[in-house]
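Trainee: Take this structure first; my questions come after.
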Amino acid sequence: MEREADHLNIRAIFHSFQYWPKLTKLLWNTKPIYFIIIIIGYLLKGILPIANLLSIQYLVSEIETRPLSHMLQISIVYPLVLVMFSGLLISSLIEYSDKLFQITLINQLQTLIVQQTSTFNLSDFENPQIHNQLKRVQNDSIDRPIQIYKELINLLSSMVTLCSSIAILLAFRWWILLILILSPLASFYSLLRFTQIQYIAQKKRAPLQRKSRYINYLLTNDKSFKEILLYQLSDYLTAKYKSIFDIFYKEDKYLAKKRITLYLSFQVISTLVIAITLIMIIQITWKDKLLVGSVYALVQAVLLTNQNINTVSQGLISLCDHNLYLDELFAFFNIKHRQENSSMLLRESDICADSTIECIEFKNVSFAYPVQKELALKDISFKMKRGEPLALVGRNGSGKTTVIKLLTGLYEEFEGDILINSISIRNYNKEMLYKKVGVIFQDFVQFDFSVRENIGFGSIGDLELDTRIWELAQQTGVDSVIRNLPNQLEHQLGRNFEGGVQLSGGQWQKMAISRALFKEADVYVLDEPSSFLDPESEKQVFRQFQNYVMDRLCLYISHRYTSVLYADKILVMEKGQIVEEGTHQELIKSRGFYYNLFSDEIHTFQKALVTNDTR
Ligand SMILES: Nc1ncnc2c1ncn2[C@@H]1O[C@H](COP(=O)(O)OP(=O)(O)OP(=O)(O)O)[C@@H](O)[C@H]1O
């Protein structure tokens with residue numbers, strides 16, 4: 001997805017104009033009425049300097065030519081006053097509409113980015129290149145449509161002024177115009193190249209910027225704070241953070257020097273050109289005996305032309321600069337179209353959307369994580385049926401969680417097949433699948449929202465079903481905690497927001513289990529469901545859970561043998577393969593991987609039982 005932009009050329013800059021129809025649509029859809037007001041306003045604003053110039057010329061010429069008796073007639077200042085009031089009115093209208101337009105546009109873009117991110121796959125989130133792209137879009141590209149739009153309307157306004165001042169110059173001496181155009185033309189190309197250098201430098205920063213943001217997060221977050229404090233990492237991390245900014249500072253300094261040198265050289269040339277032109281005008285004035293008002297208009301026209309040629313060329317350069325980032329923004333939005341198309345395909349072949357899941361079968365499944373050479377799963381085959389709980393055990397990294405990720409459709413690029421009711425998972429609509437599968441992940445989310453939301457998120461449409469929420473809280477034993485909270489179901493959880501109550505690890509886990517049960521899924525997967533639970537809670541939660549999932553499909557993953565005792569069949573995994581299977585008793589008897597994995601735990605447990613009995 002990373003776009004090759006390291007060898008940009010002028011053509012590449014202009015190529016990005018391809019997104020302008022989309023940009024125009026985006027701007028138009030933001031707030032059409034304000035958009036129209038702003039465009040018309042800026043056009044009128046562009047005429048104002050010339051209207052101002054002409055009204056002053058009129059005033060000065062009237063003073064110069066009228067007899068003294070007519071001098072006191074107020075009417076000679078009318079044009080100037082009218083121009084001034086019009087300017088005030090137009091500026092106020094533009095400012096008001098512009099502000100509201102910009103707020104709406106930036107909100108719309110932020111929403112689009114969030115919507116776009118929500119269509120990503122898990123593999124996208126695990127891909128550093130996509131994180132870099134997301135970071136660049138959020139940091140560098142998001143305000144570009146606004147900048148382009150502002151640049152465009154300024155350009156429009158400057159063009160109008162420029163055209164009018166050029167008209168005045170053409171009427172006097174056309175060759176003055178030629179002299180004025182020469183220096184901006186020379187600066188245009190150099191500054192255009194400079195914008196490319198700047199863009200490439202900015203683009204290369206994304207990985208380091210993400211690292212600095214991560215360090216910042218570590219240093220300012222309550223979860224990492226404890227370890228940072230106890231391991232005394234603060235100085236080390238702060239130095240690391242600062243070193244990244246030192247790199248950026250050096251680059252910025254180099255770029256700023258280059259820019260100011262270019263800018264100064266061209267400004268000096270431009271000022272010299274103006275000086276020469278003015279000397280020529282003075283000579284013409286003496287030769288042709290021009291009126292003071294006409295001389296004023298001519299000098300103003302020269303200054304306005306010069307100023308606006310510079311503004312227009314700077315504006316065009318800025319537009320090209322913004323264009324490069326715009327390219328990135330729309331390329332990011334384009335990813336969505338690919339995914340929409342693929343999900344459309346799935347929808348077309350969407351079968352058995354309403355049927356209940358009766359069985360799931362892994363058939364010779366092999367899988368390697370993206371960018372990873374080694375297989376995380378190797379030729380896995382097993383079957384899950386309703387009412388026959390299955391357990392997965394194995395050492396760390398043996399592939400248990402990976403099985404869940406494939407089962408829930410989080411990764412699609414695997415070999416072999418996963419059959420749901422004898423139909424390949426690849427033919428299922430993902431949204432439908434998510435509705436039917438309830439997972440309690442090892443790293444379940446602690447939502448810093450209300451209790452109601454923490455449980456109700458299991459089935460978002462039923463968020464208001466209080467009785468059901470209480471019933472599930474009771475099943476996992478977290479109801480007593482909720483009853484003690486002043487606002488009960490409405491009480492804020494977590495420390496991030498005002499009035500929030502922080503729960504213990506086990507209490508949060510019970511919330512997560514209640515949430516999964518609230519879903520009324522066909523399949524339940526519990527990855528380390530008792531990692532935070534004390535032995536008594538573990539027993540209670542499992543007993544309730546057993547009753548609940550009795551006639552559904554259920555898969556447990558655990559490192560505690562007490563948790564997998566509830567399963568009808570246990571699969572033992574080692575290095576991505578299933579190496580043993582059977583009931584607890586059978587696996588203990590066979591004295592293989594399972595026995596080695598749990599023997600210490602079982603012996604300790606049995607010893608404790610014997611000691612208790614002898615007492
Ligand atoms: N997102 C990922 N990208 C690349 N490799 C991964 C990813 N997640 C896991 N792995 C690798 O895949 C292998 C299996 O990991 P998995 O998380 O399935 O193991 P596990 O049995 O669940 O371990 P644990 O008991 O520690 O939770 C490991 O070698 C791990 O390094």
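Every chain in the structure tokens takes a letter, A first, then B, and so on in the order presented; its residues are numbered from 1, and the ligands are numbered from 1 following the presented order.
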Taking 4 positions as the minimum chain separation for residues in the same chain, which residues sit within 10 Å of A:Asn487 when counting only C-alpha atoms? Answer as a list in words.
Mentor: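 Near neighbours after the sequence-gap exclusion: Ser450, Val451, Ile482, Arg483, His491 and Gln492 of chain A.
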Trainee: Set the distance at 12 Å and use only C-alpha atoms: which residues neighbour A:Tyr561 once local chain neighbours fewer than 2 positions away are removed? I'd like the list as an NGL selection string.
Mentor: :A and (391-394 or 528 or 530 or 556-559 or 563-567 or 570 or 572 or 583-585 or 587-588 or 594-603 or 605)
Trainee: Go ahead and write the residues just picked, N, CA and C atoms, as a JSON list (two decimals), in the first residue's frame.
Mentor:
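Output (again-v5.json):
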```
[["chain", "number", "residue", "atom", "x", "y", "z"],
["A", 391, "ALA", "N", -11.24, -28.37, 24.01],
["A", 391, "ALA", "CA", -10.20, -27.51, 24.61],
["A", 391, "ALA", "C", -8.92, -27.59, 23.81],
["A", 392, "LEU", "N", -8.21, -26.46, 23.80],
["A", 392, "LEU", "CA", -6.90, -26.42, 23.14],
["A", 392, "LEU", "C", -5.87, -26.09, 24.21],
["A", 393, "VAL", "N", -4.85, -26.93, 24.33],
["A", 393, "VAL", "CA", -3.78, -26.60, 25.27],
["A", 393, "VAL", "C", -2.45, -26.69, 24.53],
["A", 394, "GLY", "N", -1.44, -26.13, 25.12],
["A", 394, "GLY", "CA", -0.11, -26.16, 24.48],
["A", 394, "GLY", "C", 0.77, -25.09, 25.08],
["A", 528, "GLU", "N", -7.95, -18.18, 27.45],
["A", 528, "GLU", "CA", -7.52, -17.94, 28.84],
["A", 528, "GLU", "C", -8.63, -17.27, 29.66],
["A", 530, "SER", "N", -9.81, -17.77, 32.51],
["A", 530, "SER", "CA", -9.71, -17.64, 33.97],
["A", 530, "SER", "C", -8.40, -16.99, 34.40],
["A", 556, "TYR", "N", -12.36, -23.93, 24.49],
["A", 556, "TYR", "CA", -11.59, -23.29, 25.57],
["A", 556, "TYR", "C", -10.11, -23.34, 25.22],
["A", 557, "ILE", "N", -9.41, -22.30, 25.61],
["A", 557, "ILE", "CA", -7.95, -22.35, 25.53],
["A", 557, "ILE", "C", -7.45, -22.00, 26.92],
["A", 558, "SER", "N", -6.55, -22.80, 27.44],
["A", 558, "SER", "CA", -6.07, -22.45, 28.77],
["A", 558, "SER", "C", -4.72, -23.07, 29.07],
["A", 559, "HIS", "N", -4.04, -22.44, 30.02],
["A", 559, "HIS", "CA", -2.79, -23.00, 30.52],
["A", 559, "HIS", "C", -3.02, -23.69, 31.86],
["A", 563, "SER", "N", -9.16, -25.60, 34.01],
["A", 563, "SER", "CA", -10.10, -24.96, 33.07],
["A", 563, "SER", "C", -10.50, -25.91, 31.95],
["A", 564, "VAL", "N", -9.57, -26.78, 31.54],
["A", 564, "VAL", "CA", -9.91, -27.61, 30.38],
["A", 564, "VAL", "C", -10.60, -28.91, 30.77],
["A", 565, "LEU", "N", -10.70, -29.14, 32.10],
["A", 565, "LEU", "CA", -11.41, -30.33, 32.56],
["A", 565, "LEU", "C", -12.85, -30.34, 32.07],
["A", 566, "TYR", "N", -13.40, -29.13, 31.81],
["A", 566, "TYR", "CA", -14.80, -29.03, 31.39],
["A", 566, "TYR", "C", -15.02, -29.49, 29.95],
["A", 567, "ALA", "N", -13.91, -29.69, 29.22],
["A", 567, "ALA", "CA", -14.06, -30.04, 27.80],
["A", 567, "ALA", "C", -14.26, -31.55, 27.61],
["A", 570, "ILE", "N", -9.79, -32.83, 24.46],
["A", 570, "ILE", "CA", -8.69, -31.86, 24.55],
["A", 570, "ILE", "C", -7.72, -32.10, 23.39],
["A", 572, "VAL", "N", -3.97, -31.16, 22.01],
["A", 572, "VAL", "CA", -2.71, -30.61, 22.50],
["A", 572, "VAL", "C", -1.91, -30.10, 21.30],
["A", 583, "THR", "N", -9.45, -37.30, 26.16],
["A", 583, "THR", "CA", -10.00, -36.68, 27.37],
["A", 583, "THR", "C", -8.85, -36.47, 28.35],
["A", 584, "HIS", "N", -9.13, -35.78, 29.42],
["A", 584, "HIS", "CA", -8.09, -35.50, 30.42],
["A", 584, "HIS", "C", -7.47, -36.81, 30.91],
["A", 585, "GLN", "N", -8.34, -37.77, 31.26],
["A", 585, "GLN", "CA", -7.85, -39.05, 31.81],
["A", 585, "GLN", "C", -6.98, -39.77, 30.79],
["A", 587, "LEU", "N", -5.31, -38.56, 28.28],
["A", 587, "LEU", "CA", -4.04, -37.87, 28.01],
["A", 587, "LEU", "C", -3.06, -38.02, 29.17],
["A", 588, "ILE", "N", -3.61, -38.06, 30.40],
["A", 588, "ILE", "CA", -2.72, -38.26, 31.56],
["A", 588, "ILE", "C", -2.11, -39.66, 31.48],
["A", 594, "TYR", "N", 0.77, -33.69, 27.01],
["A", 594, "TYR", "CA", -0.21, -33.15, 27.95],
["A", 594, "TYR", "C", 0.26, -33.42, 29.39],
["A", 595, "TYR", "N", 0.70, -34.63, 29.61],
["A", 595, "TYR", "CA", 1.15, -35.01, 30.95],
["A", 595, "TYR", "C", 2.32, -34.11, 31.37],
["A", 596, "ASN", "N", 3.29, -33.96, 30.45],
["A", 596, "ASN", "CA", 4.45, -33.12, 30.77],
["A", 596, "ASN", "C", 4.07, -31.67, 31.05],
["A", 597, "LEU", "N", 3.06, -31.21, 30.31],
["A", 597, "LEU", "CA", 2.63, -29.81, 30.43],
["A", 597, "LEU", "C", 2.02, -29.53, 31.80],
["A", 598, "PHE", "N", 1.21, -30.50, 32.27],
["A", 598, "PHE", "CA", 0.44, -30.24, 33.50],
["A", 598, "PHE", "C", 0.88, -31.06, 34.70],
["A", 599, "SER", "N", 1.87, -31.95, 34.55],
["A", 599, "SER", "CA", 2.17, -32.89, 35.65],
["A", 599, "SER", "C", 2.50, -32.16, 36.96],
["A", 600, "ASP", "N", 3.30, -31.09, 36.89],
["A", 600, "ASP", "CA", 3.66, -30.37, 38.12],
["A", 600, "ASP", "C", 2.42, -29.82, 38.80],
["A", 601, "GLU", "N", 1.56, -29.20, 37.96],
["A", 601, "GLU", "CA", 0.34, -28.58, 38.50],
["A", 601, "GLU", "C", -0.56, -29.64, 39.14],
["A", 602, "ILE", "N", -0.67, -30.81, 38.45],
["A", 602, "ILE", "CA", -1.54, -31.88, 38.96],
["A", 602, "ILE", "C", -0.97, -32.43, 40.27],
["A", 603, "HIS", "N", 0.33, -32.64, 40.31],
["A", 603, "HIS", "CA", 0.93, -33.19, 41.53],
["A", 603, "HIS", "C", 0.76, -32.25, 42.71],
["A", 605, "PHE", "N", -1.58, -30.12, 43.11],
["A", 605, "PHE", "CA", -2.99, -30.13, 43.47],
["A", 605, "PHE", "C", -3.33, -31.39, 44.28]]
```
Trainee: Would you list the contacts of stretch 144-148 of chain A as a PDB file with N, CA and C atoms, in the first residue's frame, taking every protein, DNA or RNA residue within 10 Å and counting only C-alpha atoms, but skipping same-chain residues closer than 4 positions in sequence?
Mentor:
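The result, stored in around-v4.pdb:
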```pdb
ATOM      1  N   TRP A  20      -8.631  16.048  -8.176  1.00  0.00           N
ATOM      2  CA  TRP A  20      -9.406  17.273  -8.007  1.00  0.00           C
ATOM      3  C   TRP A  20     -10.911  17.105  -8.224  1.00  0.00           C
ATOM      4  N   LEU A  23     -12.034  15.917  -5.019  1.00  0.00           N
ATOM      5  CA  LEU A  23     -11.897  16.981  -4.014  1.00  0.00           C
ATOM      6  C   LEU A  23     -13.057  17.970  -4.152  1.00  0.00           C
ATOM      7  N   THR A  24     -13.373  18.324  -5.391  1.00  0.00           N
ATOM      8  CA  THR A  24     -14.472  19.273  -5.621  1.00  0.00           C
ATOM      9  C   THR A  24     -15.781  18.694  -5.091  1.00  0.00           C
ATOM     10  N   LEU A  26     -16.092  16.515  -2.718  1.00  0.00           N
ATOM     11  CA  LEU A  26     -16.006  16.536  -1.253  1.00  0.00           C
ATOM     12  C   LEU A  26     -16.336  17.923  -0.716  1.00  0.00           C
ATOM     13  N   LEU A  27     -15.754  18.954  -1.338  1.00  0.00           N
ATOM     14  CA  LEU A  27     -15.990  20.326  -0.883  1.00  0.00           C
ATOM     15  C   LEU A  27     -17.443  20.718  -1.091  1.00  0.00           C
ATOM     16  N   PHE A 101     -17.561  26.517   7.342  1.00  0.00           N
ATOM     17  CA  PHE A 101     -17.231  25.557   6.289  1.00  0.00           C
ATOM     18  C   PHE A 101     -16.029  24.701   6.686  1.00  0.00           C
ATOM     19  N   GLN A 102     -15.023  25.369   7.237  1.00  0.00           N
ATOM     20  CA  GLN A 102     -13.801  24.639   7.619  1.00  0.00           C
ATOM     21  C   GLN A 102     -14.064  23.628   8.729  1.00  0.00           C
ATOM     22  N   ILE A 103     -14.855  24.040   9.728  1.00  0.00           N
ATOM     23  CA  ILE A 103     -15.162  23.120  10.836  1.00  0.00           C
ATOM     24  C   ILE A 103     -15.850  21.878  10.278  1.00  0.00           C
ATOM     25  N   LEU A 105     -15.826  20.709   7.224  1.00  0.00           N
ATOM     26  CA  LEU A 105     -14.966  19.915   6.349  1.00  0.00           C
ATOM     27  C   LEU A 105     -14.004  19.033   7.159  1.00  0.00           C
ATOM     28  N   ILE A 106     -13.391  19.599   8.174  1.00  0.00           N
ATOM     29  CA  ILE A 106     -12.409  18.828   8.944  1.00  0.00           C
ATOM     30  C   ILE A 106     -13.114  17.684   9.700  1.00  0.00           C
ATOM     31  N   LEU A 109     -13.830  14.944   7.200  1.00  0.00           N
ATOM     32  CA  LEU A 109     -12.632  14.171   6.844  1.00  0.00           C
ATOM     33  C   LEU A 109     -12.227  13.223   7.971  1.00  0.00           C
ATOM     34  N   VAL A 137      -1.541  10.225   6.923  1.00  0.00           N
ATOM     35  CA  VAL A 137      -2.842  10.781   6.547  1.00  0.00           C
ATOM     36  C   VAL A 137      -3.399  11.627   7.688  1.00  0.00           C
ATOM     37  N   ASP A 140      -0.403  14.641   8.321  1.00  0.00           N
ATOM     38  CA  ASP A 140       0.056  15.552   7.274  1.00  0.00           C
ATOM     39  C   ASP A 140      -0.993  15.844   6.213  1.00  0.00           C
ATOM     40  N   LEU A 152      -6.997  27.894  -3.356  1.00  0.00           N
ATOM     41  CA  LEU A 152      -7.735  28.094  -4.606  1.00  0.00           C
ATOM     42  C   LEU A 152      -8.504  29.399  -4.604  1.00  0.00           C
ATOM     43  N   ILE A 153      -9.198  29.662  -3.476  1.00  0.00           N
ATOM     44  CA  ILE A 153     -10.002  30.882  -3.481  1.00  0.00           C
ATOM     45  C   ILE A 153      -9.125  32.126  -3.405  1.00  0.00           C
ATOM     46  N   ASN A 154      -7.992  32.005  -2.703  1.00  0.00           N
ATOM     47  CA  ASN A 154      -7.057  33.135  -2.701  1.00  0.00           C
ATOM     48  C   ASN A 154      -6.518  33.366  -4.098  1.00  0.00           C
ATOM     49  N   GLY A 315       1.001  30.663  -4.848  1.00  0.00           N
ATOM     50  CA  GLY A 315      -0.221  29.880  -4.670  1.00  0.00           C
ATOM     51  C   GLY A 315      -0.171  28.594  -5.469  1.00  0.00           C
ATOM     52  N   LEU A 316       0.315  28.691  -6.711  1.00  0.00           N
ATOM     53  CA  LEU A 316       0.396  27.489  -7.551  1.00  0.00           C
ATOM     54  C   LEU A 316       1.378  26.482  -6.949  1.00  0.00           C
ATOM     55  N   SER A 318       2.170  26.223  -3.744  1.00  0.00           N
ATOM     56  CA  SER A 318       1.522  25.623  -2.562  1.00  0.00           C
ATOM     57  C   SER A 318       0.509  24.571  -2.988  1.00  0.00           C
ATOM     58  N   LEU A 319      -0.229  24.866  -4.061  1.00  0.00           N
ATOM     59  CA  LEU A 319      -1.226  23.906  -4.537  1.00  0.00           C
ATOM     60  C   LEU A 319      -0.564  22.584  -4.909  1.00  0.00           C
ATOM     61  N   CYS A 320       0.573  22.680  -5.617  1.00  0.00           N
ATOM     62  CA  CYS A 320       1.284  21.457  -6.011  1.00  0.00           C
ATOM     63  C   CYS A 320       1.763  20.711  -4.774  1.00  0.00           C
ATOM     64  N   ASP A 321       2.217  21.471  -3.768  1.00  0.00           N
ATOM     65  CA  ASP A 321       2.676  20.858  -2.519  1.00  0.00           C
ATOM     66  C   ASP A 321       1.509  20.114  -1.844  1.00  0.00           C
ATOM     67  N   HIS A 322       0.392  20.811  -1.691  1.00  0.00           N
ATOM     68  CA  HIS A 322      -0.779  20.176  -1.064  1.00  0.00           C
ATOM     69  C   HIS A 322      -1.239  18.969  -1.873  1.00  0.00           C
ATOM     70  N   ASN A 323      -1.085  19.086  -3.184  1.00  0.00           N
ATOM     71  CA  ASN A 323      -1.505  18.008  -4.066  1.00  0.00           C
ATOM     72  C   ASN A 323      -0.830  16.686  -3.746  1.00  0.00           C
ATOM     73  N   LEU A 324       0.467  16.771  -3.405  1.00  0.00           N
ATOM     74  CA  LEU A 324       1.219  15.550  -3.101  1.00  0.00           C
ATOM     75  C   LEU A 324       0.586  14.830  -1.907  1.00  0.00           C
ATOM     76  N   TYR A 325       0.162  15.621  -0.909  1.00  0.00           N
ATOM     77  CA  TYR A 325      -0.446  15.025   0.287  1.00  0.00           C
ATOM     78  C   TYR A 325      -1.873  14.561   0.002  1.00  0.00           C
ATOM     79  N   LEU A 326      -2.516  15.299  -0.911  1.00  0.00           N
ATOM     80  CA  LEU A 326      -3.889  14.939  -1.285  1.00  0.00           C
ATOM     81  C   LEU A 326      -3.890  13.559  -1.944  1.00  0.00           C
ATOM     82  N   ASP A 327      -2.865  13.336  -2.732  1.00  0.00           N
ATOM     83  CA  ASP A 327      -2.670  12.060  -3.398  1.00  0.00           C
ATOM     84  C   ASP A 327      -2.693  10.938  -2.357  1.00  0.00           C
ATOM     85  N   LEU A 329      -3.927  11.067   0.696  1.00  0.00           N
ATOM     86  CA  LEU A 329      -5.228  10.989   1.367  1.00  0.00           C
ATOM     87  C   LEU A 329      -6.210  10.147   0.559  1.00  0.00           C
TER      88      LEU A 329
END
```
Trainee: With a distance cut-off of 12 Å and only C-alpha atoms, select the neighbouring residues of A:His131, excluding the residue or stretch itself and same-chain residues fewer than 2 positions from it, and output the selection as JSON, numbers by chain.
Mentor: {"A": [1, 2, 117, 120, 123, 124, 125, 126, 127, 128, 129, 133, 134, 135, 136, 137, 138, 139, 206, 207, 208, 209, 210, 211, 332]}
Trainee: To check your reading of the model: which residues sit at most 8 Å from ligand 1 when counting only C-alpha atoms and all ligand atoms? Write the answer as a short mmCIF file (atom, residue, chain, number, x, y, z; two decimals) with C-alpha atoms, in the first residue's frame.
Mentor:
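Below is the file pocket-v8.cif, written as the result:
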```
data_model
loop_
_atom_site.label_atom_id
_atom_site.label_comp_id
_atom_site.auth_asym_id
_atom_site.auth_seq_id
_atom_site.Cartn_x
_atom_site.Cartn_y
_atom_site.Cartn_z
CA SER A 123 -3.60 -8.01 9.14
CA GLU A 126 -0.48 -5.54 12.17
CA ALA A 368 1.68 -18.14 8.11
CA TYR A 369 1.24 -14.57 9.36
CA PRO A 370 1.72 -11.87 6.70
CA VAL A 371 5.43 -11.10 6.13
CA GLN A 372 6.31 -14.14 8.29
CA LEU A 375 4.09 -21.42 9.47
CA ALA A 376 2.17 -20.66 12.67
CA LEU A 377 -0.21 -23.56 11.95
CA VAL A 393 -3.78 -26.60 25.27
CA GLY A 394 -0.11 -26.16 24.48
CA ARG A 395 3.02 -24.24 25.33
CA ASN A 396 3.34 -20.50 24.67
CA GLY A 397 3.51 -19.79 20.96
CA SER A 398 2.21 -23.21 19.95
CA GLY A 399 -0.56 -21.65 17.83
CA LYS A 400 -3.71 -21.76 19.99
CA THR A 401 -4.73 -18.11 19.56
CA THR A 402 -3.96 -18.34 15.84
CA VAL A 403 -6.59 -21.10 15.57
CA GLN A 442 -6.83 -13.09 26.24
CA SER A 558 -6.07 -22.45 28.77
CA HIS A 559 -2.79 -23.00 30.52
CA MET A 573 -0.74 -28.24 20.27
CA LYS A 575 4.81 -25.87 17.25
CA GLY A 576 1.69 -25.22 15.22
#
```
Trainee: Restricting the calculation to only C-alpha atoms, which member of A:Ile130, A:Gly458, A:Asp98, A:Asn52 is positioned closest to A:Met84?
Mentor: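 That would be A:Asn52, the residue with the smallest distance to A:Met84.
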Trainee: Which residues come within 8 Å of A:Ala297, counting only C-alpha atoms, excluding same-chain residues fewer than 5 positions away, as a PyMOL selection string?
Mentor: chain A and resi 53-54+57
Trainee: Export, as a JSON list (two decimals), in the first residue's frame, the selected residues with C-alpha atoms.
Mentor:
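Once everything was written out, this is out.json:
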```
[["chain", "number", "residue", "atom", "x", "y", "z"],
["A", 53, "LEU", "CA", -7.55, 52.10, -7.08],
["A", 54, "LEU", "CA", -10.04, 53.51, -9.60],
["A", 57, "GLN", "CA", -7.83, 57.87, -9.14]]
```
Trainee: Measuring between only C-alpha atoms, which one of A:Phe333, A:Lys287, A:Leu485, A:Glu361 shows the shortest distance to A:Gln116?
Mentor: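 Once distances to A:Gln116 are computed over only C-alpha atoms, the minimum belongs to A:Phe333.
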Trainee: Please return as a list in words: the residues of stretch 360-448 of chain A that backbone DSSP assigns to alpha helix (DSSP H).
Mentor: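 Secondary structure check on stretch 360-448 of chain A, alpha helix (DSSP H): Lys400, Thr401, Thr402, Val403, Ile404, Lys405, Leu406, Leu407, Lys430, Glu431, Met432, Leu433, Tyr434, Lys435 and Lys436 of chain A.
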Trainee: Using only C-alpha atoms for the distances, tell me which of A:Gly409, A:Tyr296, A:Asp534, A:Ser118 is nearest to A:Lys430.
Mentor: A:Gly409
Trainee: Just the residues within 9 Å of stretch 166-176 of chain A, please, counting only C-alpha atoms, with nothing from its chain fewer than 3 positions along; format it as a list in words.
Mentor: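 Returned residues: Thr161, Leu162, Cys163, Ile179, Leu180, Ile181, Thr277, Met280, Ala297, Leu298, Ala301, Val302, Leu304 and Thr305 of chain A.
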Trainee: What does the structure give for the distance between atom CA of A:Ile247 and atom CA of A:Asp235, in Å to one decimal?
Mentor: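 Distance between the two atoms: 18.5 Å.
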Trainee: Contacts of A:Phe542 at 10 Å or less, counting only C-alpha atoms, minus same-chain residues fewer than 4 places along, as a tab-separated table (two decimals) with C-alpha atoms, in the first residue's frame?
Mentor:
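For reference, result29.tsv as written:
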```tsv
chain	number	residue	atom	x	y	z
A	475	GLN	CA	-24.10	-15.45	36.03
A	476	THR	CA	-20.50	-14.25	36.03
A	529	PRO	CA	-10.94	-17.29	30.40
A	530	SER	CA	-9.71	-17.64	33.97
A	536	GLU	CA	-13.58	-19.80	43.56
A	537	SER	CA	-14.66	-17.35	40.86
A	538	GLU	CA	-13.20	-19.63	38.23
A	546	GLN	CA	-21.19	-24.63	31.09
A	547	ASN	CA	-24.95	-24.31	31.63
A	548	TYR	CA	-25.10	-21.43	29.24
A	563	SER	CA	-10.10	-24.96	33.07
A	566	TYR	CA	-14.80	-29.03	31.39
```
Trainee: From the list A:Leu419, A:Leu303, A:Val523, A:Val160, which residue is nearest A:Thr356 when using only C-alpha atoms?
Mentor: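 Checking each of A:Leu419, A:Leu303, A:Val523, A:Val160 against A:Thr356, counting only C-alpha atoms, the winner is A:Val523.
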